$ cat coords23.tsv   # TSV, C-alpha atoms
chain	number	residue	atom	x	y	z
A	55	MET	CA	14.82	-4.55	19.56
A	56	ARG	CA	11.97	-6.57	18.11
A	57	TYR	CA	11.94	-7.42	14.41
A	58	VAL	CA	8.65	-8.49	12.79
A	59	LYS	CA	8.13	-9.72	9.22
A	60	PRO	CA	5.47	-11.58	7.21
A	61	HIS	CA	6.16	-15.30	6.79
A	62	PHE	CA	6.92	-14.93	3.05
A	63	TYR	CA	9.40	-12.07	3.51
A	64	ASP	CA	12.56	-14.15	3.07
A	65	SER	CA	11.28	-15.91	-0.07
A	66	PHE	CA	11.94	-12.85	-2.25
A	67	VAL	CA	14.66	-13.21	-4.89
A	68	CYS	CA	15.24	-10.45	-7.46
A	69	THR	CA	14.49	-11.59	-11.03
A	70	ALA	CA	16.93	-8.97	-12.42
A	71	GLY	CA	16.79	-8.83	-16.25
A	72	ASP	CA	13.70	-11.08	-16.32
A	73	CYS	CA	11.64	-8.51	-14.42
A	74	PRO	CA	8.73	-7.11	-16.49
A	75	ASP	CA	9.85	-3.63	-15.40
A	76	THR	CA	12.81	-2.19	-13.52
A	77	CYS	CA	13.21	-0.58	-10.11
A	78	CYS	CA	16.10	1.51	-11.50
A	79	ALA	CA	13.93	3.98	-13.45
A	80	GLY	CA	11.20	6.49	-12.78
A	81	TRP	CA	12.36	7.82	-9.41
A	82	GLN	CA	15.46	9.24	-7.76
A	83	ILE	CA	17.80	6.65	-6.26
A	84	MET	CA	19.15	8.23	-3.11
A	85	ILE	CA	22.64	7.27	-1.90
A	86	ASP	CA	23.52	6.79	1.77
A	87	GLU	CA	26.55	8.54	3.31
A	88	GLU	CA	28.68	5.41	3.63
A	89	SER	CA	28.19	4.53	-0.04
A	90	LEU	CA	28.91	8.10	-1.11
A	91	GLU	CA	32.21	7.94	0.74
A	92	ARG	CA	33.11	4.68	-0.98
A	93	TYR	CA	32.15	5.98	-4.41
A	94	GLU	CA	34.20	9.13	-3.86
A	95	ASN	CA	37.31	7.01	-3.26
A	96	GLU	CA	36.72	4.26	-5.82
A	97	PRO	CA	39.95	3.89	-7.84
A	98	GLY	CA	40.51	3.37	-11.55
A	99	GLU	CA	38.59	4.30	-14.66
A	100	PHE	CA	35.29	2.99	-13.32
A	101	GLY	CA	35.74	5.21	-10.27
A	102	LYS	CA	35.82	8.25	-12.57
A	103	ILE	CA	32.68	7.07	-14.35
A	104	LEU	CA	31.03	6.48	-11.00
A	105	ARG	CA	31.79	9.95	-9.63
A	106	ASN	CA	30.59	11.60	-12.85
A	107	SER	CA	27.30	9.70	-12.56
A	108	ILE	CA	26.35	11.09	-9.15
A	109	ASP	CA	24.51	14.30	-8.33
A	110	TRP	CA	26.61	15.12	-5.27
A	111	GLU	CA	24.39	17.98	-4.18
A	112	GLU	CA	21.20	15.89	-4.22
A	113	GLU	CA	23.10	12.71	-3.18
A	114	CYS	CA	21.54	10.54	-5.85
A	115	PHE	CA	22.45	8.95	-9.18
A	116	TYR	CA	21.95	10.95	-12.34
A	117	GLN	CA	19.27	9.73	-14.74
A	118	ASN	CA	19.15	9.43	-18.52
A	119	ASN	CA	15.58	9.53	-19.83
A	120	ARG	CA	14.36	8.79	-16.28
A	121	ARG	CA	16.64	5.72	-16.08
A	122	CYS	CA	19.53	5.40	-13.62
A	123	ALA	CA	22.87	6.21	-15.26
A	124	PHE	CA	24.04	2.65	-14.53
A	125	LEU	CA	20.99	0.84	-15.92
A	126	ASN	CA	22.04	-0.78	-19.21
A	127	ASP	CA	19.95	-1.85	-22.20
A	128	GLU	CA	19.39	-5.32	-20.69
A	129	ASN	CA	17.91	-3.69	-17.56
A	130	LEU	CA	20.93	-4.81	-15.55
A	131	CYS	CA	23.15	-2.66	-13.31
A	132	ASP	CA	26.64	-1.82	-14.64
A	133	LEU	CA	27.74	-0.81	-11.14
A	134	TYR	CA	26.75	-4.25	-9.82
A	135	ASN	CA	28.50	-5.94	-12.75
A	136	ALA	CA	31.69	-3.95	-12.22
A	137	LEU	CA	32.00	-3.92	-8.41
A	138	GLY	CA	29.68	-6.64	-7.13
A	139	PRO	CA	26.70	-6.62	-4.74
A	140	ASP	CA	28.67	-5.13	-1.83
A	141	ALA	CA	29.08	-1.90	-3.79
A	142	LEU	CA	25.34	-1.20	-3.98
A	143	CYS	CA	23.98	1.68	-1.94
A	144	ASP	CA	21.41	0.98	0.78
A	145	THR	CA	18.48	1.86	-1.48
A	146	CYS	CA	19.48	-0.58	-4.22
A	147	ARG	CA	20.56	-3.31	-1.81
A	148	MET	CA	17.37	-3.24	0.26
A	149	TYR	CA	14.58	-2.64	-2.27
A	150	PRO	CA	11.89	-4.02	-2.32
A	151	ARG	CA	12.44	-4.68	1.38
A	152	HIS	CA	10.83	-1.94	3.44
A	153	THR	CA	11.14	-1.05	7.12
A	154	GLU	CA	8.77	0.89	9.37
A	155	GLU	CA	10.57	2.15	12.46
A	156	TYR	CA	9.10	2.50	15.96
A	157	GLU	CA	10.90	2.70	19.27
A	158	GLY	CA	12.14	-0.79	20.11
A	159	LEU	CA	10.50	-2.25	16.99
A	160	ARG	CA	11.26	-2.64	13.31
A	161	GLU	CA	8.51	-3.95	11.03
A	162	LEU	CA	9.79	-5.43	7.78
A	163	SER	CA	7.74	-5.87	4.63
A	164	LEU	CA	8.05	-6.32	0.87
A	165	SER	CA	7.01	-3.37	-1.29
A	166	LEU	CA	3.97	-4.02	-3.45
A	167	SER	CA	5.59	-1.80	-6.12
A	168	CYS	CA	8.02	-4.59	-7.07
A	169	PRO	CA	6.53	-7.04	-9.63
A	170	GLU	CA	8.09	-10.09	-7.98
A	171	ALA	CA	7.07	-8.93	-4.50
A	172	ALA	CA	3.52	-8.26	-5.75
A	173	LYS	CA	3.42	-11.80	-7.12
A	174	ILE	CA	4.53	-13.22	-3.75
A	175	ILE	CA	2.05	-11.10	-1.76
A	176	LEU	CA	-1.00	-11.64	-3.97
A	177	SER	CA	-0.45	-15.33	-4.69
A	178	CYS	CA	-0.20	-16.19	-0.99
A	179	LYS	CA	-3.12	-18.55	-0.33
A	180	GLU	CA	-2.75	-18.98	3.41
A	181	PRO	CA	-3.46	-16.30	6.01
A	182	VAL	CA	-0.39	-14.12	6.55
A	183	ARG	CA	1.61	-15.03	9.64
A	184	PHE	CA	4.05	-12.64	11.28
A	185	LEU	CA	7.39	-13.90	12.51
A	186	GLU	CA	9.17	-12.14	15.36
A	187	GLU	CA	12.68	-12.16	16.79
A	188	GLU	CA	14.59	-10.01	19.27
A	189	THR	CA	18.13	-8.63	19.30
A	190	GLU	CA	20.24	-6.82	21.88
A	191	GLU	CA	19.99	-3.52	19.99
A	192	GLU	CA	18.42	-0.51	21.69
A	193	ASP	CA	17.26	2.87	20.49
A	194	ASP	CA	15.53	5.91	21.93
A	195	PHE	CA	12.85	7.92	20.15
A	196	GLU	CA	12.03	11.38	21.49
A	197	GLU	CA	8.41	11.89	22.53
A	198	PHE	CA	7.24	8.47	21.38
A	199	ASP	CA	3.65	7.84	22.55
A	200	PHE	CA	3.83	4.29	23.93
A	201	MET	CA	0.23	4.26	25.14
A	202	MET	CA	-1.14	5.15	21.74
A	203	PHE	CA	1.21	2.75	19.96
A	204	SER	CA	0.15	-0.08	22.25
A	205	GLN	CA	-3.51	0.64	21.44
A	206	LEU	CA	-2.72	0.82	17.73
A	207	GLU	CA	-1.00	-2.58	17.88
A	208	ASP	CA	-3.96	-4.05	19.78
A	209	THR	CA	-6.37	-2.56	17.25
A	210	ARG	CA	-4.37	-3.86	14.34
A	211	ASP	CA	-4.41	-7.35	15.87
A	212	VAL	CA	-8.21	-7.18	15.96
A	213	LEU	CA	-8.25	-5.92	12.37
A	214	PHE	CA	-6.01	-8.80	11.31
A	215	ALA	CA	-8.33	-11.30	13.02
A	216	VAL	CA	-11.36	-9.85	11.23
A	217	LEU	CA	-9.69	-9.48	7.83
A	218	GLN	CA	-8.45	-13.09	7.91
A	219	ASP	CA	-11.73	-14.59	9.11
A	220	ARG	CA	-12.58	-16.51	5.94
A	221	SER	CA	-15.91	-17.65	7.31
A	222	LEU	CA	-17.10	-14.09	6.54
A	223	PRO	CA	-17.52	-12.45	3.11
A	224	LEU	CA	-14.75	-9.97	2.35
A	225	THR	CA	-17.23	-7.09	2.03
A	226	LEU	CA	-18.30	-7.61	5.66
A	227	ARG	CA	-14.71	-7.88	6.86
A	228	ILE	CA	-13.87	-4.60	5.15
A	229	SER	CA	-16.97	-2.84	6.51
A	230	VAL	CA	-16.17	-3.92	10.06
A	231	SER	CA	-12.57	-2.74	9.68
A	232	GLU	CA	-13.68	0.66	8.42
A	233	GLN	CA	-16.24	1.13	11.19
A	234	LEU	CA	-13.85	-0.02	13.94
A	235	THR	CA	-11.22	2.44	12.75
A	236	GLU	CA	-13.70	5.30	12.50
A	237	SER	CA	-14.89	4.61	16.04
A	238	TYR	CA	-11.26	4.58	17.21
A	239	GLN	CA	-10.74	7.99	15.58
A	240	ASN	CA	-13.87	9.29	17.30
A	241	CYS	CA	-12.38	8.26	20.64
A	242	ILE	CA	-9.24	10.25	19.88
A	243	GLU	CA	-11.08	13.34	18.66
A	244	GLU	CA	-13.38	13.32	21.72
A	245	GLY	CA	-10.61	12.63	24.25
A	246	ARG	CA	-11.95	9.16	25.09
A	247	GLN	CA	-8.76	7.15	24.61
A	248	PHE	CA	-9.63	4.96	27.59
A	249	ASP	CA	-12.74	3.73	25.74
A	250	ILE	CA	-10.65	2.16	22.97
A	251	ASP	CA	-9.96	-1.07	24.88
A	252	ASP	CA	-13.71	-1.55	25.45
A	253	LEU	CA	-14.29	-0.89	21.73
A	254	LEU	CA	-11.82	-3.63	20.78
A	255	ARG	CA	-13.30	-6.14	23.23
A	256	GLU	CA	-16.77	-5.38	21.87
A	257	CYS	CA	-15.64	-6.05	18.31
A	258	GLU	CA	-13.98	-9.31	19.37
A	259	ARG	CA	-17.15	-10.40	21.17
A	260	HIS	CA	-19.32	-9.72	18.12
A	261	GLN	CA	-16.90	-11.66	15.93
A	262	LYS	CA	-16.97	-14.61	18.32
A	263	GLU	CA	-20.76	-14.52	18.43
A	264	GLY	CA	-21.12	-14.12	14.67
A	265	SER	CA	-22.89	-10.78	14.99
A	266	LEU	CA	-20.47	-8.30	13.38
A	267	SER	CA	-23.32	-6.75	11.39
A	268	GLU	CA	-24.74	-5.58	14.74
A	269	PHE	CA	-21.37	-4.04	15.60
A	270	ILE	CA	-21.48	-2.03	12.37
A	271	SER	CA	-25.06	-0.90	12.92
A	272	LYS	CA	-24.42	0.21	16.50
A	273	HIS	CA	-21.39	2.35	15.64
A	274	LEU	CA	-22.57	3.77	12.34
A	275	SER	CA	-23.48	7.35	13.18
A	276	GLU	CA	-26.06	9.33	11.23
A	277	LYS	CA	-23.29	11.32	9.58
A	278	GLY	CA	-21.50	8.08	8.75
A	279	ALA	CA	-24.66	6.77	7.15
A	280	ASP	CA	-24.96	9.97	5.09
A	281	ALA	CA	-21.38	9.58	3.90
A	282	ALA	CA	-21.91	5.93	3.06
A	283	SER	CA	-24.92	6.85	0.94
A	284	LEU	CA	-22.86	9.05	-1.37
A	285	HIS	CA	-23.18	7.79	-4.91
A	286	GLN	CA	-20.27	5.58	-5.85
A	287	TRP	CA	-20.26	7.19	-9.28
A	288	ASN	CA	-19.83	10.75	-7.98
A	289	ARG	CA	-17.37	9.72	-5.29
A	290	GLN	CA	-15.09	7.90	-7.68
A	291	LYS	CA	-15.15	10.63	-10.29
A	292	LYS	CA	-13.80	12.94	-7.59
A	293	GLU	CA	-11.23	10.35	-6.53
A	294	LEU	CA	-10.02	9.99	-10.12
A	295	GLN	CA	-9.34	13.71	-10.26
A	296	VAL	CA	-7.38	13.43	-7.01
A	297	LEU	CA	-5.26	10.68	-8.59
A	298	ARG	CA	-4.72	12.86	-11.65
A	299	GLY	CA	-3.47	15.68	-9.44
A	300	LEU	CA	-0.75	13.62	-7.77
A	301	GLU	CA	2.92	13.77	-8.74
A	302	ARG	CA	3.53	11.55	-11.75
A	303	LEU	CA	6.42	9.07	-11.43
A	304	ARG	CA	5.93	7.02	-14.60
A	305	PRO	CA	4.47	8.24	-17.93
A	306	GLU	CA	2.73	4.85	-18.34
A	307	TRP	CA	0.48	5.79	-15.43
A	308	ASN	CA	-1.24	8.40	-17.60
A	309	GLN	CA	-2.48	5.63	-19.88
A	310	ILE	CA	-4.08	3.81	-16.96
A	311	LEU	CA	-5.78	6.99	-15.69
A	312	ASP	CA	-6.94	7.85	-19.22
A	313	GLY	CA	-8.30	4.32	-19.58
A	314	ALA	CA	-10.45	4.74	-16.47
A	315	GLU	CA	-11.80	8.02	-17.82
A	316	LYS	CA	-12.53	6.51	-21.23
A	317	TRP	CA	-14.08	3.18	-20.21
A	318	LEU	CA	-15.85	4.03	-16.94
A	319	TYR	CA	-16.59	7.74	-16.60
A	320	GLN	CA	-17.27	9.20	-20.05
A	321	GLU	CA	-20.80	7.91	-20.37
A	322	ASN	CA	-23.30	8.07	-17.51
A	323	GLU	CA	-23.91	6.47	-14.14
A	324	GLU	CA	-26.23	3.79	-15.52
A	325	THR	CA	-23.59	2.64	-18.02
A	326	TYR	CA	-21.01	2.52	-15.25
A	327	LYS	CA	-23.28	0.45	-13.02
A	328	ASN	CA	-24.00	-2.02	-15.81
A	329	ILE	CA	-20.27	-2.50	-16.46
A	330	CYS	CA	-19.62	-3.08	-12.74
A	331	LYS	CA	-22.56	-5.47	-12.50
A	332	GLU	CA	-21.28	-7.59	-15.37
A	333	PHE	CA	-17.74	-7.61	-13.96
A	334	HIS	CA	-18.89	-8.65	-10.49
A	335	GLN	CA	-21.15	-11.36	-11.90
A	336	MET	CA	-18.13	-12.84	-13.62
A	337	TYR	CA	-15.75	-12.47	-10.68
A	338	GLY	CA	-18.17	-12.25	-7.77
A	339	ALA	CA	-20.02	-14.49	-5.36
A	340	LEU	CA	-21.74	-16.61	-8.02
A	341	SER	CA	-18.63	-17.35	-10.06
A	342	ASN	CA	-15.82	-19.87	-9.88
A	343	TYR	CA	-13.42	-16.99	-9.21
A	344	LYS	CA	-14.92	-16.05	-5.82
A	345	GLU	CA	-12.25	-17.71	-3.67
A	346	GLU	CA	-9.39	-16.32	-5.75
A	347	TRP	CA	-10.72	-12.75	-5.70
A	348	GLU	CA	-11.59	-12.83	-2.01
A	349	ASN	CA	-7.99	-13.91	-1.36
A	350	VAL	CA	-6.55	-11.06	-3.46
A	351	GLY	CA	-8.66	-8.53	-1.57
A	352	GLU	CA	-7.65	-10.02	1.78
A	353	GLN	CA	-3.95	-9.95	0.92
A	354	LEU	CA	-4.14	-6.34	-0.29
A	355	MET	CA	-5.94	-5.26	2.89
A	356	MET	CA	-3.43	-7.09	5.06
A	357	PHE	CA	-0.55	-5.46	3.18
A	358	PHE	CA	-1.80	-1.90	3.56
A	359	VAL	CA	-2.95	-2.30	7.18
A	360	TYR	CA	0.30	-4.00	8.26
A	361	THR	CA	2.49	-1.46	6.48
A	362	TYR	CA	0.79	1.80	7.40
A	363	PHE	CA	-1.77	1.48	10.21
A	364	CYS	CA	0.55	1.88	13.21
A	365	GLY	CA	2.16	4.91	11.58
A	366	ALA	CA	-0.80	6.82	13.03
A	367	VAL	CA	1.27	7.05	16.22
A	368	TYR	CA	3.13	9.91	14.50
A	369	ASP	CA	0.16	11.94	13.22
A	370	ASP	CA	-3.01	10.70	15.06
A	371	MET	CA	-4.68	10.11	11.65
A	372	VAL	CA	-5.89	6.58	12.37
A	373	CYS	CA	-8.91	6.79	10.12
A	374	SER	CA	-6.96	7.95	7.08
A	375	LYS	CA	-4.69	4.88	7.32
A	376	MET	CA	-7.72	2.63	6.87
A	377	GLU	CA	-9.27	4.90	4.24
A	378	MET	CA	-5.97	4.70	2.36
A	379	ALA	CA	-6.24	0.90	2.33
A	380	LEU	CA	-9.86	1.03	1.16
A	381	PHE	CA	-9.08	3.66	-1.47
A	382	SER	CA	-6.23	1.54	-2.80
A	383	ILE	CA	-8.30	-1.62	-3.09
A	384	ARG	CA	-11.15	0.34	-4.67
A	385	TRP	CA	-8.89	1.78	-7.36
A	386	VAL	CA	-6.93	-1.38	-8.03
A	387	GLN	CA	-10.34	-2.93	-8.78
A	388	GLU	CA	-11.41	0.01	-10.97
A	389	PHE	CA	-8.26	-0.29	-13.04
A	390	LEU	CA	-8.78	-4.05	-13.27
A	391	ILE	CA	-12.25	-3.47	-14.68
A	392	VAL	CA	-10.64	-1.24	-17.29
A	393	ARG	CA	-8.05	-3.91	-18.10
A	394	TRP	CA	-10.87	-6.49	-18.30
A	395	LEU	CA	-12.68	-4.35	-20.86
A	396	GLU	CA	-9.50	-3.67	-22.84
A	397	ASN	CA	-8.74	-7.41	-22.90
A	398	GLY	CA	-12.13	-8.34	-24.33
A	399	LYS	CA	-13.60	-9.12	-20.90
A	400	THR	CA	-10.90	-11.50	-19.73
A	401	LEU	CA	-8.51	-11.09	-16.83
A	402	SER	CA	-5.54	-13.02	-15.43
A	403	MET	CA	-3.52	-12.99	-12.22
A	404	LYS	CA	-0.71	-11.31	-14.17
A	405	ASP	CA	-3.11	-8.42	-14.79
A	406	VAL	CA	-3.93	-8.26	-11.09
A	407	GLU	CA	-0.25	-8.24	-10.16
A	408	GLU	CA	0.65	-5.62	-12.76
A	409	ILE	CA	-2.14	-3.19	-11.87
A	410	SER	CA	-1.25	-3.58	-8.18
A	411	TRP	CA	2.46	-2.83	-8.57
A	412	ARG	CA	1.86	0.01	-11.00
A	413	TYR	CA	-0.60	1.60	-8.55
A	414	ALA	CA	1.84	1.13	-5.65
A	415	ARG	CA	4.70	2.70	-7.61
A	416	GLU	CA	2.72	5.87	-8.20
A	417	VAL	CA	1.17	6.25	-4.76
A	418	GLU	CA	3.63	4.71	-2.30
A	419	HIS	CA	6.94	5.93	-3.69
A	420	SER	CA	6.27	9.64	-3.39
A	421	ASP	CA	5.96	11.14	0.07
A	422	ASN	CA	4.08	14.03	-1.50
A	423	ASN	CA	1.54	11.64	-3.04
A	424	LEU	CA	1.07	9.67	0.18
A	425	ASN	CA	0.64	12.78	2.31
A	426	THR	CA	-1.64	14.51	-0.19
A	427	LEU	CA	-3.86	11.46	-0.51
A	428	GLU	CA	-4.04	10.79	3.24
A	429	ASP	CA	-4.92	14.42	3.96
A	430	TRP	CA	-7.63	14.39	1.29
A	431	LEU	CA	-9.11	11.14	2.58
A	432	PHE	CA	-9.13	12.40	6.17
A	433	GLU	CA	-10.86	15.64	5.19
A	434	ASN	CA	-13.40	14.04	2.86
A	435	TYR	CA	-14.14	10.68	4.51
A	436	TYR	CA	-13.76	11.43	8.18
A	437	LEU	CA	-14.13	15.15	8.92
A	438	ILE	CA	-17.40	15.32	6.93
A	439	HIS	CA	-18.91	12.65	9.26
$ encode --input "coords23.tsv" --output "structure tokens"
Amino acid sequence: MRYVKPHFYDSFVCTAGDCPDTCCAGWQIMIDEESLERYENEPGEFGKILRNSIDWEEECFYQNNRRCAFLNDENLCDLYNALGPDALCDTCRMYPRHTEEYEGLRELSLSLSCPEAAKIILSCKEPVRFLEEETEEEDDFEEFDFMMFSQLEDTRDVLFAVLQDRSLPLTLRISVSEQLTESYQNCIEEGRQFDIDDLLRECERHQKEGSLSEFISKHLSEKGADAASLHQWNRQKKELQVLRGLERLRPEWNQILDGAEKWLYQENEETYKNICKEFHQMYGALSNYKEEWENVGEQLMMFFVYTYFCGAVYDDMVCSKMEMALFSIRWVQEFLIVRWLENGKTLSMKDVEEISWRYAREVEHSDNNLNTLEDWLFENYYLIH
């Protein structure tokens, strides 16, 4: 078994009561079978409290006002205080550590939805490195497509190389990543899987020669060009409605969505463009913030691509994995523009971190939201091409 993790993975330490939010509210905390068995047999008065605080049918802790039954007023865990860290269920012990499982491989990451993890991810100034180790463990997945997974890993390596090429502007890196992934999806849809290796070598050659713009131009189909020409204003108004239609995990999220509607989409397209122009002049290529903002965008792209891209081995939806990353970065930025306006046109890294983890909590921690959004992106940004 191979285990892979980003180089900052082991630096995470929970800030407990000092956290600006809590991971013990807003969603169901599922309990693994081994922990359920322990809780069922826990002796004493606390054992009775414990058993009365569990929904045994759903196998999760009860909630009071959307807060775990054991979360006290100081945002600390009474179960932890009473029985120690070994008594925590798998969910509580592992979060924000996340694992993607493939045959013979486990990919570990930190969840962007945790404020401290978001701080670690977004404040990383160096290119992300991935550490690997092997164990004697073995497993066997039924009907696992090794050929496709190998191509996905190779493609992701090329994406990583492009996304972390700091000699290029981030906008170009993102455009190349989107076009490479769309071309990969075309190969799948047209039964040309054996062309994928040539596609990757071509992208690598253009990067080496400094001609990635030519790579984009060559592979941008007429339909792709039509899609790219869609007005940002109209596209993002539709995307906002998609976000509004997702399952709501935290009531605070409504305020963020309402803020986007109020500040960016209530007037007209010209007003929206002027707001974006002013924001990008302050935080764009001509400002002192360029390096910092390019780094934030790079780290967000690396996070989403590392976490989700190879999951396409299970559904063949390669393009939607990239579109999900692009959608996420697009909307984190939109909500940051709103925060910038609300703050009197100032913004801090704490704002960037907060908007990022709030977005991740709503989108990543609901399978329904992830699946709904991926399906919508695939239908609207790939199938229309």
$ closest_residue --input "coords23.tsv" --among "A:Trp411, A:Met148, A:Val230, A:Trp287" --to "Pro74 in chain A" --atoms "all atoms listed in the file"
A:Trp411
$ atom_distance --input "coords23.tsv" --atom1 "CA of Arg289 in chain A" --atom2 "CA of Asp312 in chain A"
17.5 Å
$ residues_around --input "coords23.tsv" --residues "Gly71 in chain A" --least-positions-apart "2" --cutoff "9 Å" --atoms "only C-alpha atoms" --output "list in words"
Thr69, Cys73, Pro74, Asp75, Thr76, Glu128, Asn129 and Leu130 of chain A
$ write_last_selection --input "coords23.tsv" --atoms "C-alpha atoms" --output "short mmCIF file (atom, residue, chain, number, x, y, z; two decimals), keeping the file's coordinate frame"
data_model
loop_
_atom_site.label_atom_id
_atom_site.label_comp_id
_atom_site.auth_asym_id
_atom_site.auth_seq_id
_atom_site.Cartn_x
_atom_site.Cartn_y
_atom_site.Cartn_z
CA THR A 69 14.49 -11.59 -11.03
CA CYS A 73 11.64 -8.51 -14.42
CA PRO A 74 8.73 -7.11 -16.49
CA ASP A 75 9.85 -3.63 -15.40
CA THR A 76 12.81 -2.19 -13.52
CA GLU A 128 19.39 -5.32 -20.69
CA ASN A 129 17.91 -3.69 -17.56
CA LEU A 130 20.93 -4.81 -15.55
#
$ residues_around --input "coords23.tsv" --residues "Val216 in chain A" --least-positions-apart "2" --cutoff "9 Å" --atoms "all atoms listed in the file" --output "PyMOL selection string"
chain A and resi 211-214+218-220+222+227-228+230-231+258+261
$ atom_distance --input "coords23.tsv" --atom1 "CA of Phe357 in chain A" --atom2 "CA of His152 in chain A"
11.9 Å
$ axis_aligned_box --input "coords23.tsv" --around "range 353-364 of chain A" --padding-each-side "5 Å" --output "AutoDock Vina command-line options"
--center_x -1.7 --center_y -4.0 --center_z 6.5 --size_x 18.4 --size_y 21.8 --size_z 23.5
